[in-house]
$ cat work-v9.cif   # mmCIF, C-alpha atoms
data_start
#
loop_
_atom_site.label_atom_id
_atom_site.label_comp_id
_atom_site.auth_asym_id
_atom_site.auth_seq_id
_atom_site.Cartn_x
_atom_site.Cartn_y
_atom_site.Cartn_z
CA MET A 1 196.89 -162.91 72.01
CA ASN A 2 195.06 -165.35 69.78
CA LEU A 3 192.72 -163.95 67.17
CA THR A 4 189.24 -165.44 66.75
CA SER A 5 188.30 -167.36 63.60
CA ALA A 6 186.18 -164.43 62.48
CA GLN A 7 189.05 -161.99 62.99
CA LEU A 8 191.38 -164.25 61.00
CA TYR A 9 188.75 -164.37 58.23
CA VAL A 10 188.57 -160.57 58.17
CA LEU A 11 192.35 -160.27 58.10
CA GLN A 12 192.61 -162.69 55.21
CA ARG A 13 190.01 -160.83 53.16
CA LEU A 14 191.50 -157.41 53.91
CA SER A 15 195.03 -158.58 53.16
CA ALA A 16 193.75 -160.01 49.85
CA ALA A 17 192.22 -156.64 48.99
CA VAL A 18 195.54 -154.95 49.71
CA LEU A 19 197.56 -157.58 47.83
CA ALA A 20 195.51 -157.53 44.62
CA PRO A 21 196.68 -154.10 43.32
CA LEU A 22 200.18 -154.53 44.79
CA VAL A 23 200.67 -157.81 42.91
CA LEU A 24 199.57 -156.17 39.65
CA VAL A 25 202.03 -153.30 40.11
CA HIS A 26 204.75 -155.77 41.10
CA LEU A 27 204.17 -157.88 37.97
CA GLY A 28 204.12 -154.74 35.84
CA LEU A 29 207.44 -153.72 37.35
CA ILE A 30 209.01 -157.06 36.55
CA VAL A 31 207.87 -156.82 32.92
CA TYR A 32 209.11 -153.22 32.72
CA ALA A 33 212.51 -154.05 34.21
CA ILE A 34 213.02 -157.04 31.90
CA GLN A 35 211.77 -155.29 28.76
CA ASP A 36 213.87 -152.26 29.49
CA GLY A 37 216.90 -154.39 30.21
CA LEU A 38 217.60 -152.77 33.57
CA SER A 39 220.62 -154.16 35.38
CA ALA A 40 220.58 -154.98 39.09
CA ALA A 41 222.65 -151.89 39.76
CA GLU A 42 220.19 -149.69 37.85
CA ILE A 43 217.27 -151.15 39.79
CA LEU A 44 219.04 -150.62 43.12
CA SER A 45 219.86 -147.04 42.17
CA ARG A 46 216.12 -146.40 41.85
CA THR A 47 215.05 -148.23 45.02
CA ARG A 48 217.78 -147.25 47.50
CA GLY A 49 216.69 -144.49 49.81
CA SER A 50 213.24 -144.38 48.25
CA PHE A 51 210.44 -144.00 50.77
CA VAL A 52 207.91 -144.87 48.07
CA TRP A 53 209.42 -148.26 47.26
CA ALA A 54 210.12 -148.94 50.93
CA GLY A 55 206.45 -148.27 51.69
CA PHE A 56 205.20 -150.23 48.70
CA TYR A 57 207.16 -153.38 49.43
CA SER A 58 206.70 -153.17 53.20
CA ALA A 59 202.93 -153.16 52.64
CA PHE A 60 203.38 -156.05 50.20
CA VAL A 61 205.35 -158.11 52.73
CA ILE A 62 202.94 -157.46 55.60
CA ALA A 63 199.86 -158.31 53.51
CA ALA A 64 201.49 -161.42 51.99
CA ALA A 65 202.67 -162.69 55.39
CA ILE A 66 199.20 -162.31 56.89
CA HIS A 67 197.39 -163.75 53.87
CA ALA A 68 199.66 -166.74 53.34
CA ALA A 69 199.77 -167.66 57.04
CA ILE A 70 195.97 -167.80 57.31
CA GLY A 71 195.78 -169.74 54.05
CA LEU A 72 198.29 -172.27 55.37
CA ARG A 73 196.17 -172.56 58.53
CA SER A 74 193.16 -173.61 56.43
CA ILE A 75 195.21 -176.11 54.46
CA ALA A 76 196.63 -177.67 57.64
CA ALA A 77 193.16 -177.84 59.24
CA GLU A 78 191.56 -179.46 56.19
CA ASN A 79 194.32 -181.75 54.99
CA LEU A 80 196.31 -182.59 58.12
CA ALA A 81 193.42 -182.32 60.62
CA TRP A 82 195.47 -179.94 62.78
CA ARG A 83 193.56 -178.10 65.49
CA GLY A 84 194.16 -175.90 68.52
CA ALA A 85 197.61 -174.84 69.71
CA ARG A 86 199.38 -176.63 66.87
CA LEU A 87 197.33 -174.73 64.31
CA ASP A 88 197.94 -171.42 66.09
CA ALA A 89 201.69 -172.14 66.21
CA LEU A 90 201.71 -172.79 62.46
CA THR A 91 199.72 -169.61 61.72
CA TYR A 92 201.73 -167.21 63.84
CA GLY A 93 205.02 -168.99 63.07
CA ALA A 94 204.43 -168.77 59.31
CA ALA A 95 203.41 -165.10 59.57
CA LEU A 96 206.53 -164.27 61.57
CA LEU A 97 208.82 -166.20 59.24
CA LEU A 98 207.40 -164.57 56.11
CA MET A 99 207.47 -161.16 57.75
CA THR A 100 211.15 -161.61 58.71
CA LEU A 101 212.23 -162.89 55.31
CA GLY A 102 210.26 -160.16 53.57
CA ALA A 103 211.67 -157.44 55.81
CA ARG A 104 215.20 -158.61 54.99
CA ALA A 105 214.42 -158.44 51.26
CA VAL A 106 212.92 -154.95 51.56
CA ALA A 107 215.91 -153.77 53.58
CA ALA A 108 218.27 -155.18 50.93
CA VAL A 109 216.76 -153.09 48.12
CA VAL A 110 215.95 -149.83 49.91
CA LEU A 111 218.74 -149.39 52.48
CA MET B 1 160.25 -191.51 29.54
CA GLY B 2 161.63 -195.05 29.59
CA ALA B 3 159.26 -197.85 28.52
CA ASP B 4 158.71 -201.14 30.32
CA GLY B 5 161.03 -203.96 29.41
CA GLY B 6 164.60 -205.07 29.84
CA ASN B 7 166.59 -205.32 33.01
CA LEU B 8 168.61 -202.93 35.07
CA SER B 9 171.94 -203.92 36.48
CA VAL B 10 171.94 -202.49 39.99
CA ARG B 11 174.91 -202.46 42.35
CA ILE B 12 173.87 -201.72 45.92
CA TRP B 13 176.07 -201.07 48.95
CA LYS B 14 175.69 -203.77 51.60
CA GLY B 15 177.11 -203.63 55.11
CA GLY B 16 178.70 -200.84 57.13
CA ALA B 17 181.79 -198.75 56.42
CA GLY B 18 183.69 -201.89 55.42
CA GLY B 19 180.90 -203.20 53.22
CA ARG B 20 180.85 -203.78 49.49
CA LEU B 21 178.70 -203.42 46.41
CA ILE B 22 176.42 -206.37 45.56
CA GLU B 23 175.01 -206.71 42.06
CA PHE B 24 171.28 -207.33 41.43
CA GLU B 25 169.12 -207.53 38.32
CA ALA B 26 165.89 -205.54 38.51
CA PRO B 27 163.16 -205.07 35.89
CA GLN B 28 163.12 -201.77 34.07
CA ARG B 29 159.77 -199.97 34.19
CA ALA B 30 158.33 -196.79 32.72
CA ASN B 31 158.60 -193.75 35.04
CA GLN B 32 160.54 -195.78 37.57
CA THR B 33 162.37 -193.94 40.35
CA VAL B 34 165.61 -195.03 42.02
CA LEU B 35 163.63 -195.60 45.23
CA ASP B 36 161.28 -197.92 43.28
CA VAL B 37 164.32 -199.97 42.26
CA VAL B 38 165.67 -200.17 45.83
CA THR B 39 162.22 -201.20 47.08
CA TRP B 40 161.91 -203.86 44.35
CA VAL B 41 165.29 -205.32 45.31
CA GLN B 42 164.32 -205.42 48.98
CA ARG B 43 160.95 -207.06 48.29
CA HIS B 44 162.08 -209.56 45.69
CA ARG B 45 165.80 -210.21 46.12
CA ASP B 46 167.16 -209.15 49.49
CA PRO B 47 164.67 -208.71 52.36
CA GLY B 48 167.51 -207.72 54.69
CA LEU B 49 168.39 -204.61 52.67
CA ALA B 50 168.27 -201.54 54.93
CA TYR B 51 167.26 -198.16 53.53
CA ARG B 52 165.21 -195.20 54.67
CA PHE B 53 162.18 -193.52 53.12
CA ALA B 54 158.85 -192.08 54.23
CA CYS B 55 156.78 -189.79 52.01
CA ARG B 56 157.90 -190.89 48.52
CA VAL B 57 156.93 -187.47 47.13
CA GLY B 58 159.99 -185.30 47.83
CA MET B 59 158.85 -183.70 51.06
CA CYS B 60 160.34 -185.61 53.98
CA GLY B 61 164.01 -185.68 52.97
CA SER B 62 164.66 -189.19 54.25
CA CYS B 63 165.49 -191.18 51.09
CA ALA B 64 168.69 -189.47 49.94
CA MET B 65 171.41 -191.82 48.66
CA THR B 66 174.42 -191.67 46.39
CA VAL B 67 173.33 -192.66 42.89
CA ASN B 68 176.03 -193.23 40.28
CA GLY B 69 178.39 -191.16 42.40
CA LYS B 70 176.10 -188.20 43.05
CA PRO B 71 173.92 -187.45 46.07
CA ARG B 72 170.24 -187.44 45.12
CA TRP B 73 166.71 -187.71 46.56
CA THR B 74 165.86 -191.14 45.27
CA CYS B 75 162.05 -190.85 45.36
CA ARG B 76 162.11 -188.06 42.78
CA THR B 77 165.04 -189.30 40.70
CA HIS B 78 163.92 -191.13 37.58
CA VAL B 79 166.06 -194.09 36.61
CA ALA B 80 165.86 -193.05 32.96
CA LYS B 81 167.60 -189.80 33.87
CA VAL B 82 170.54 -191.25 35.76
CA ALA B 83 171.14 -194.84 34.59
CA GLN B 84 174.19 -195.26 32.40
CA ASP B 85 173.73 -198.18 29.95
CA SER B 86 170.96 -199.52 32.23
CA ARG B 87 173.40 -199.55 35.15
CA LEU B 88 172.89 -198.04 38.58
CA THR B 89 175.26 -197.89 41.52
CA ILE B 90 173.48 -197.00 44.75
CA GLU B 91 175.46 -196.19 47.89
CA PRO B 92 174.75 -194.44 51.20
CA LEU B 93 175.34 -190.69 51.49
CA ARG B 94 178.92 -189.48 51.88
CA ASN B 95 180.13 -187.67 55.02
CA LEU B 96 177.80 -189.55 57.37
CA PRO B 97 178.46 -192.80 59.27
CA ILE B 98 176.70 -195.82 57.77
CA VAL B 99 174.24 -197.63 60.02
CA LYS B 100 173.71 -200.46 57.56
CA ASP B 101 173.53 -200.74 53.78
CA LEU B 102 171.91 -197.53 52.47
CA ALA B 103 170.87 -196.10 55.83
CA CYS B 104 173.12 -193.40 57.31
CA ASP B 105 173.30 -192.14 60.86
CA MET B 106 171.98 -188.57 60.60
CA THR B 107 172.82 -187.68 64.22
CA VAL B 108 175.82 -185.46 63.46
CA PHE B 109 173.88 -183.67 60.72
CA PHE B 110 171.13 -182.65 63.14
CA GLU B 111 173.59 -181.96 65.97
CA LYS B 112 175.23 -179.36 63.76
CA TRP B 113 171.81 -177.88 63.03
CA ARG B 114 171.43 -177.53 66.81
CA ASP B 115 174.99 -176.25 67.40
CA ALA B 116 174.43 -173.52 64.79
CA ARG B 117 171.29 -172.50 66.76
CA GLY B 118 169.13 -173.41 63.80
CA ARG B 119 165.83 -172.98 65.62
CA PHE B 120 163.56 -169.98 65.77
CA GLU B 121 163.77 -168.04 69.03
CA GLY B 122 160.89 -165.60 69.17
CA ARG B 123 160.28 -162.71 71.50
CA ALA B 124 156.50 -162.39 71.16
CA THR B 125 154.06 -164.05 73.54
CA ARG B 126 150.64 -165.47 72.87
CA TYR B 127 149.18 -162.13 73.96
CA ASP B 128 150.94 -160.18 71.21
CA ASP B 129 149.45 -159.64 67.79
CA ILE B 130 150.81 -161.64 64.89
CA GLU B 131 153.61 -159.65 63.31
CA CYS B 132 153.03 -158.61 59.71
CA ILE B 133 155.97 -159.20 57.39
CA ALA B 134 155.67 -157.64 53.96
CA PRO B 135 156.53 -160.20 51.26
CA GLU B 136 158.49 -157.68 49.19
CA THR B 137 161.03 -156.76 51.88
CA PRO B 138 164.61 -157.90 51.14
CA ALA B 139 164.80 -159.80 54.43
CA ARG B 140 161.61 -161.75 53.71
CA GLN B 141 162.83 -162.53 50.19
CA ALA B 142 166.14 -163.81 51.59
CA VAL B 143 164.14 -166.09 53.88
CA ASP B 144 161.97 -167.27 50.99
CA ALA B 145 165.05 -168.16 48.95
CA GLY B 146 166.32 -170.62 51.56
CA ILE B 147 163.30 -171.75 53.56
CA GLU B 148 162.21 -174.82 51.56
CA CYS B 149 165.01 -177.06 52.85
CA ILE B 150 163.77 -180.60 53.54
CA ASN B 151 166.82 -181.68 55.62
CA CYS B 152 167.72 -184.45 53.18
CA ALA B 153 171.50 -183.95 53.74
CA VAL B 154 172.23 -184.08 50.01
CA CYS B 155 174.14 -180.78 50.33
CA TYR B 156 176.01 -182.11 53.34
CA ALA B 157 177.08 -185.20 51.39
CA ALA B 158 178.08 -183.07 48.40
CA CYS B 159 180.24 -180.72 50.47
CA ASP B 160 183.99 -181.26 50.09
CA VAL B 161 184.73 -179.01 53.06
CA VAL B 162 182.72 -181.34 55.32
CA ALA B 163 184.76 -184.25 53.91
CA TRP B 164 188.04 -182.44 54.66
CA LYS B 165 187.03 -180.87 57.95
CA PRO B 166 184.33 -183.00 59.61
CA ASP B 167 183.59 -180.45 62.33
CA TYR B 168 182.49 -177.82 59.75
CA LEU B 169 178.80 -177.02 60.33
CA GLY B 170 177.94 -177.65 56.69
CA PRO B 171 175.60 -176.07 54.15
CA ALA B 172 172.21 -177.18 55.50
CA ALA B 173 172.66 -175.82 59.02
CA LEU B 174 174.18 -172.59 57.72
CA ASN B 175 171.42 -172.11 55.16
CA ARG B 176 168.91 -172.54 58.00
CA VAL B 177 170.79 -169.97 60.08
CA TRP B 178 170.68 -167.47 57.22
CA THR B 179 166.89 -167.76 57.03
CA LEU B 180 166.65 -167.10 60.78
CA GLN B 181 169.06 -164.15 60.61
CA ASN B 182 166.64 -162.60 58.14
CA ASP B 183 163.58 -163.35 60.25
CA THR B 184 162.57 -160.05 61.83
CA ARG B 185 160.66 -161.89 64.60
CA ASP B 186 163.74 -163.73 65.84
CA ALA B 187 165.38 -162.57 69.09
CA ALA B 188 168.66 -164.51 69.11
CA GLN B 189 170.47 -163.22 66.05
CA ALA B 190 173.59 -161.99 67.86
CA GLU B 191 174.04 -165.32 69.64
CA ARG B 192 173.37 -167.24 66.43
CA LEU B 193 175.91 -165.20 64.49
CA ALA B 194 178.46 -165.99 67.20
CA ALA B 195 177.58 -169.69 66.85
CA VAL B 196 178.46 -169.68 63.15
CA ALA B 197 181.57 -167.47 63.49
CA GLY B 198 183.71 -170.03 65.33
CA GLU B 199 186.34 -172.51 64.15
CA ALA B 200 183.66 -174.72 62.50
CA GLY B 201 181.77 -171.76 61.10
CA CYS B 202 180.62 -170.27 57.83
CA HIS B 203 183.98 -168.84 56.72
CA ASN B 204 185.26 -172.39 56.14
CA CYS B 205 183.13 -172.53 52.97
CA HIS B 206 185.22 -172.39 49.78
CA SER B 207 182.21 -171.45 47.62
CA GLN B 208 182.69 -174.53 45.45
CA GLN B 209 178.90 -174.81 45.20
CA GLY B 210 178.60 -178.58 45.41
CA CYS B 211 175.65 -177.98 47.74
CA THR B 212 173.93 -175.70 45.26
CA THR B 213 174.61 -178.02 42.33
CA HIS B 214 173.00 -181.01 44.03
CA CYS B 215 170.24 -179.49 46.19
CA PRO B 216 167.05 -181.23 45.04
CA MET B 217 164.97 -178.21 46.06
CA SER B 218 167.15 -175.93 43.88
CA LEU B 219 168.17 -173.86 46.89
CA ASN B 220 171.44 -171.96 46.96
CA PRO B 221 173.15 -172.65 50.29
CA THR B 222 176.36 -171.10 48.94
CA ALA B 223 174.58 -167.75 48.62
CA SER B 224 173.17 -168.11 52.14
CA ILE B 225 176.65 -168.84 53.50
CA ALA B 226 178.01 -165.83 51.59
CA GLY B 227 175.41 -163.72 53.38
CA LEU B 228 176.55 -165.12 56.72
CA LYS B 229 180.18 -164.42 55.83
CA ARG B 230 179.33 -160.77 55.18
CA ALA B 231 177.45 -160.57 58.47
CA VAL B 232 180.34 -162.20 60.37
CA PHE B 233 182.80 -159.87 58.63
CA MET B 234 180.92 -156.77 59.77
CA ALA B 235 180.41 -158.16 63.29
CA ALA B 236 184.15 -158.91 63.55
CA LEU B 237 184.98 -155.34 62.53
CA ARG B 238 182.69 -154.15 65.32
CA GLY B 239 184.46 -156.53 67.73
CA GLU B 240 181.35 -158.61 68.37
CA VAL B 241 182.68 -162.01 67.26
#
$ encode --input "work-v9.cif" --output "structure tokens"
Amino acid sequence: MNLTSAQLYVLQRLSAAVLAPLVLVHLGLIVYAIQDGLSAAEILSRTRGSFVWAGFYSAFVIAAAIHAAIGLRSIAAENLAWRGARLDALTYGAALLLMTLGARAVAAVVL
Amino acid sequence: MGADGGNLSVRIWKGGAGGRLIEFEAPQRANQTVLDVVTWVQRHRDPGLAYRFACRVGMCGSCAMTVNGKPRWTCRTHVAKVAQDSRLTIEPLRNLPIVKDLACDMTVFFEKWRDARGRFEGRATRYDDIECIAPETPARQAVDAGIECINCAVCYAACDVVAWKPDYLGPAALNRVWTLQNDTRDAAQAERLAAVAGEAGCHNCHSQQGCTTHCPMSLNPTASIAGLKRAVFMAALRGEV
């Protein structure tokens, strides 16, 4: 099923709204972990088995995959003059790739 | 501003897409417009120079050209305001095919106006009373804000998105659509919203505001397009587009 341009626009705006607070929390976490000198093992001990962190980073991955894929679609349309099936393949391919890579990363820290 | 005397060095585009700039000397006059300079060159130096104008008073929108790199209405642009060291470079508008010299082919510009359904489609007949529209209503004020477009294509030439994605409808057509979407007498608003929600539609706008910066009528097409984006957003949530 191919989404319409308007639906893609809505998805990109909604995913941006979801990403904005998640990115801030994520950056805050990085600063906290570095400042506090947490080791990888200490971080994993906090994330493994945690439904909260699993939920947080799953939402992050889904929103980022959607947002980035639609952004790449615009870049390809404007700078490479891609249209039609090629553009759809890029959009859905990029979303799937980012979703897969992100899911692997989430699984690695929470499972 | 700008007294008589001295000469202007004017470089004018000659030819089609593969043309080049030709340098002319033209006398500098008080209160001279860029269109005055182009006309002087055509009458005294190069009778074959092609350019377009009609009203000469900023109403018809036919004399827009690129002046020192920026799109402008040449009949209302004073040389004293834009010349740099008494130098002018005058080229045809960007984003439109060149017919010859300074004259562009406006066909695609008006085709997009049509494709966006930029014409009023009323529901009343001659037997109905004239509908009263209160000037203070938000819809009427939104119409007022965008209605004075003169179709000069300055915004279209200023738009980077049109340059990157030539099928994009562009700021003028979308600004027109926004005025119609706020016209309570119009009967085709759902169809028109669908026309601007497609692949070439309003959501392509990056809000860079080149259109608003250069619009000679001081309109704000970016704001009109933002209004359309909100309308398309809500219609998409309702599954209408």
$ interface_residues --input "work-v9.cif" --of "chain A" --to "chain B" --cutoff "9 Å" --atoms "only C-alpha atoms" --output "ChimeraX atom specification"
/A:4-7,9-10,74,77-81
$ residues_around --input "work-v9.cif" --residues "region 87-92 of chain B" --least-positions-apart "5" --cutoff "6 Å" --atoms "all atoms listed in the file" --output "compact mmCIF listing (two decimals) with C-alpha atoms, in the frame of the given file"
# COMPACT_ATOMS: atom_id res chain seq x y z
CA LEU B 8 168.61 -202.93 35.07
CA SER B 9 171.94 -203.92 36.48
CA VAL B 10 171.94 -202.49 39.99
CA ARG B 11 174.91 -202.46 42.35
CA ILE B 12 173.87 -201.72 45.92
CA TRP B 13 176.07 -201.07 48.95
CA MET B 65 171.41 -191.82 48.66
CA THR B 66 174.42 -191.67 46.39
CA VAL B 67 173.33 -192.66 42.89
CA ASN B 68 176.03 -193.23 40.28
CA LEU B 102 171.91 -197.53 52.47
$ atom_distance --input "work-v9.cif" --atom1 "CA of Gly61 (chain B)" --atom2 "CA of Ile147 (chain B)"
14.0 Å
$ resolve_selection --input "work-v9.cif" --expression "the PyMOL selection byres ((chain A and resi 92-95) around 10)" --output "VMD selection string"
chain A and resid 2 61 to 70 72 to 73 87 to 91 96 to 100
$ write_last_selection --input "work-v9.cif" --atoms "C-alpha atoms" --output "PDB file, in the coordinates of the input"
ATOM      1  CA  ASN A   2     195.060-165.350  69.780  1.00  0.00           C
ATOM      2  CA  VAL A  61     205.350-158.110  52.730  1.00  0.00           C
ATOM      3  CA  ILE A  62     202.940-157.460  55.600  1.00  0.00           C
ATOM      4  CA  ALA A  63     199.860-158.310  53.510  1.00  0.00           C
ATOM      5  CA  ALA A  64     201.490-161.420  51.990  1.00  0.00           C
ATOM      6  CA  ALA A  65     202.670-162.690  55.390  1.00  0.00           C
ATOM      7  CA  ILE A  66     199.200-162.310  56.890  1.00  0.00           C
ATOM      8  CA  HIS A  67     197.390-163.750  53.870  1.00  0.00           C
ATOM      9  CA  ALA A  68     199.660-166.740  53.340  1.00  0.00           C
ATOM     10  CA  ALA A  69     199.770-167.660  57.040  1.00  0.00           C
ATOM     11  CA  ILE A  70     195.970-167.800  57.310  1.00  0.00           C
ATOM     12  CA  LEU A  72     198.290-172.270  55.370  1.00  0.00           C
ATOM     13  CA  ARG A  73     196.170-172.560  58.530  1.00  0.00           C
ATOM     14  CA  LEU A  87     197.330-174.730  64.310  1.00  0.00           C
ATOM     15  CA  ASP A  88     197.940-171.420  66.090  1.00  0.00           C
ATOM     16  CA  ALA A  89     201.690-172.140  66.210  1.00  0.00           C
ATOM     17  CA  LEU A  90     201.710-172.790  62.460  1.00  0.00           C
ATOM     18  CA  THR A  91     199.720-169.610  61.720  1.00  0.00           C
ATOM     19  CA  LEU A  96     206.530-164.270  61.570  1.00  0.00           C
ATOM     20  CA  LEU A  97     208.820-166.200  59.240  1.00  0.00           C
ATOM     21  CA  LEU A  98     207.400-164.570  56.110  1.00  0.00           C
ATOM     22  CA  MET A  99     207.470-161.160  57.750  1.00  0.00           C
ATOM     23  CA  THR A 100     211.150-161.610  58.710  1.00  0.00           C
TER      24      THR A 100
END
$ atom_distance --input "work-v9.cif" --atom1 "CA of Ala142 (chain B)" --atom2 "CA of Thr179 (chain B)"
6.8 Å
$ atom_distance --input "work-v9.cif" --atom1 "CA of Cys155 (chain B)" --atom2 "CA of Pro216 (chain B)"
8.9 Å
$ resolve_selection --input "work-v9.cif" --expression "the PyMOL selection byres ((chain B and resi 173) around 7)" --output "list in words"
Lys112, Trp113, Ala116, Gly118, Leu169, Gly170, Pro171, Ala172, Leu174, Asn175, Arg176 and Val177 of chain B
$ resolve_selection --input "work-v9.cif" --expression "the PyMOL selection byres ((chain A and resi 41-49) around 10)" --output "ChimeraX atom specification"
/A:33,37-40,50-54,106-111
$ write_last_selection --input "work-v9.cif" --atoms "C-alpha atoms" --output "JSON list (two decimals), keeping the file's coordinate frame"
[["chain", "number", "residue", "atom", "x", "y", "z"],
["A", 33, "ALA", "CA", 212.51, -154.05, 34.21],
["A", 37, "GLY", "CA", 216.90, -154.39, 30.21],
["A", 38, "LEU", "CA", 217.60, -152.77, 33.57],
["A", 39, "SER", "CA", 220.62, -154.16, 35.38],
["A", 40, "ALA", "CA", 220.58, -154.98, 39.09],
["A", 50, "SER", "CA", 213.24, -144.38, 48.25],
["A", 51, "PHE", "CA", 210.44, -144.00, 50.77],
["A", 52, "VAL", "CA", 207.91, -144.87, 48.07],
["A", 53, "TRP", "CA", 209.42, -148.26, 47.26],
["A", 54, "ALA", "CA", 210.12, -148.94, 50.93],
["A", 106, "VAL", "CA", 212.92, -154.95, 51.56],
["A", 107, "ALA", "CA", 215.91, -153.77, 53.58],
["A", 108, "ALA", "CA", 218.27, -155.18, 50.93],
["A", 109, "VAL", "CA", 216.76, -153.09, 48.12],
["A", 110, "VAL", "CA", 215.95, -149.83, 49.91],
["A", 111, "LEU", "CA", 218.74, -149.39, 52.48]]
$ closest_residue --input "work-v9.cif" --among "A:Leu3, A:Tyr57, A:Ile34, A:Gly71" --to "Ala16 (chain A)" --atoms "only C-alpha atoms"
A:Gly71
$ residues_around --input "work-v9.cif" --residues "Val25 (chain A)" --least-positions-apart "6" --cutoff "12 Å" --atoms "all atoms listed in the file" --output "VMD selection string"
chain A and resid 18 to 19 31 to 32 53 56 to 57 60
$ write_last_selection --input "work-v9.cif" --atoms "C-alpha atoms" --output "short mmCIF file (atom, residue, chain, number, x, y, z; two decimals), in the coordinates of the input"
data_model
loop_
_atom_site.label_atom_id
_atom_site.label_comp_id
_atom_site.auth_asym_id
_atom_site.auth_seq_id
_atom_site.Cartn_x
_atom_site.Cartn_y
_atom_site.Cartn_z
CA VAL A 18 195.54 -154.95 49.71
CA LEU A 19 197.56 -157.58 47.83
CA VAL A 31 207.87 -156.82 32.92
CA TYR A 32 209.11 -153.22 32.72
CA TRP A 53 209.42 -148.26 47.26
CA PHE A 56 205.20 -150.23 48.70
CA TYR A 57 207.16 -153.38 49.43
CA PHE A 60 203.38 -156.05 50.20
#
$ axis_aligned_box --input "work-v9.cif" --around "region 165-168 of chain B" --padding-each-side "6 Å" --output "AutoDock Vina command-line options"
--center_x 184.8 --center_y -180.4 --center_z 60.1 --size_x 16.5 --size_y 17.2 --size_z 16.4
$ build_atoms --input "work-v9.cif" --residues "region 70-75 of chain A" --atoms "all heavy atoms" --output "PDB file, in the coordinates of the input"
ATOM      1  N   ILE A  70     197.354-167.357  57.051  1.00  0.00           N
ATOM      2  CA  ILE A  70     195.970-167.800  57.310  1.00  0.00           C
ATOM      3  C   ILE A  70     195.558-168.858  56.287  1.00  0.00           C
ATOM      4  O   ILE A  70     194.838-169.803  56.606  1.00  0.00           O
ATOM      5  CB  ILE A  70     195.010-166.588  57.314  1.00  0.00           C
ATOM      6  CG1 ILE A  70     195.464-165.588  58.392  1.00  0.00           C
ATOM      7  CG2 ILE A  70     193.583-167.027  57.586  1.00  0.00           C
ATOM      8  CD1 ILE A  70     194.740-164.252  58.344  1.00  0.00           C
ATOM      9  N   GLY A  71     196.052-168.720  55.068  1.00  0.00           N
ATOM     10  CA  GLY A  71     195.780-169.740  54.050  1.00  0.00           C
ATOM     11  C   GLY A  71     196.390-171.084  54.426  1.00  0.00           C
ATOM     12  O   GLY A  71     195.757-172.131  54.307  1.00  0.00           O
ATOM     13  N   LEU A  72     197.627-171.038  54.934  1.00  0.00           N
ATOM     14  CA  LEU A  72     198.290-172.270  55.370  1.00  0.00           C
ATOM     15  C   LEU A  72     197.525-172.906  56.534  1.00  0.00           C
ATOM     16  O   LEU A  72     197.424-174.132  56.648  1.00  0.00           O
ATOM     17  CB  LEU A  72     199.728-171.976  55.813  1.00  0.00           C
ATOM     18  CG  LEU A  72     200.733-171.738  54.688  1.00  0.00           C
ATOM     19  CD1 LEU A  72     202.073-171.299  55.276  1.00  0.00           C
ATOM     20  CD2 LEU A  72     200.923-173.001  53.847  1.00  0.00           C
ATOM     21  N   ARG A  73     196.968-172.060  57.398  1.00  0.00           N
ATOM     22  CA  ARG A  73     196.170-172.560  58.530  1.00  0.00           C
ATOM     23  C   ARG A  73     194.983-173.388  58.017  1.00  0.00           C
ATOM     24  O   ARG A  73     194.727-174.484  58.518  1.00  0.00           O
ATOM     25  CB  ARG A  73     195.663-171.347  59.332  1.00  0.00           C
ATOM     26  CG  ARG A  73     194.799-171.709  60.519  1.00  0.00           C
ATOM     27  CD  ARG A  73     194.204-170.437  61.121  1.00  0.00           C
ATOM     28  NE  ARG A  73     193.361-170.734  62.247  1.00  0.00           N
ATOM     29  CZ  ARG A  73     193.786-170.808  63.492  1.00  0.00           C
ATOM     30  NH1 ARG A  73     195.044-170.587  63.773  1.00  0.00           N
ATOM     31  NH2 ARG A  73     192.951-171.096  64.471  1.00  0.00           N
ATOM     32  N   SER A  74     194.300-172.870  56.991  1.00  0.00           N
ATOM     33  CA  SER A  74     193.160-173.610  56.430  1.00  0.00           C
ATOM     34  C   SER A  74     193.606-174.927  55.819  1.00  0.00           C
ATOM     35  O   SER A  74     192.949-175.968  55.988  1.00  0.00           O
ATOM     36  CB  SER A  74     192.461-172.771  55.348  1.00  0.00           C
ATOM     37  OG  SER A  74     191.935-171.610  55.922  1.00  0.00           O
ATOM     38  N   ILE A  75     194.718-174.888  55.105  1.00  0.00           N
ATOM     39  CA  ILE A  75     195.210-176.110  54.460  1.00  0.00           C
ATOM     40  C   ILE A  75     195.557-177.159  55.516  1.00  0.00           C
ATOM     41  O   ILE A  75     195.200-178.336  55.391  1.00  0.00           O
ATOM     42  CB  ILE A  75     196.438-175.784  53.568  1.00  0.00           C
ATOM     43  CG1 ILE A  75     195.996-174.938  52.379  1.00  0.00           C
ATOM     44  CG2 ILE A  75     197.121-177.075  53.095  1.00  0.00           C
ATOM     45  CD1 ILE A  75     197.137-174.350  51.579  1.00  0.00           C
TER      46      ILE A  75
END
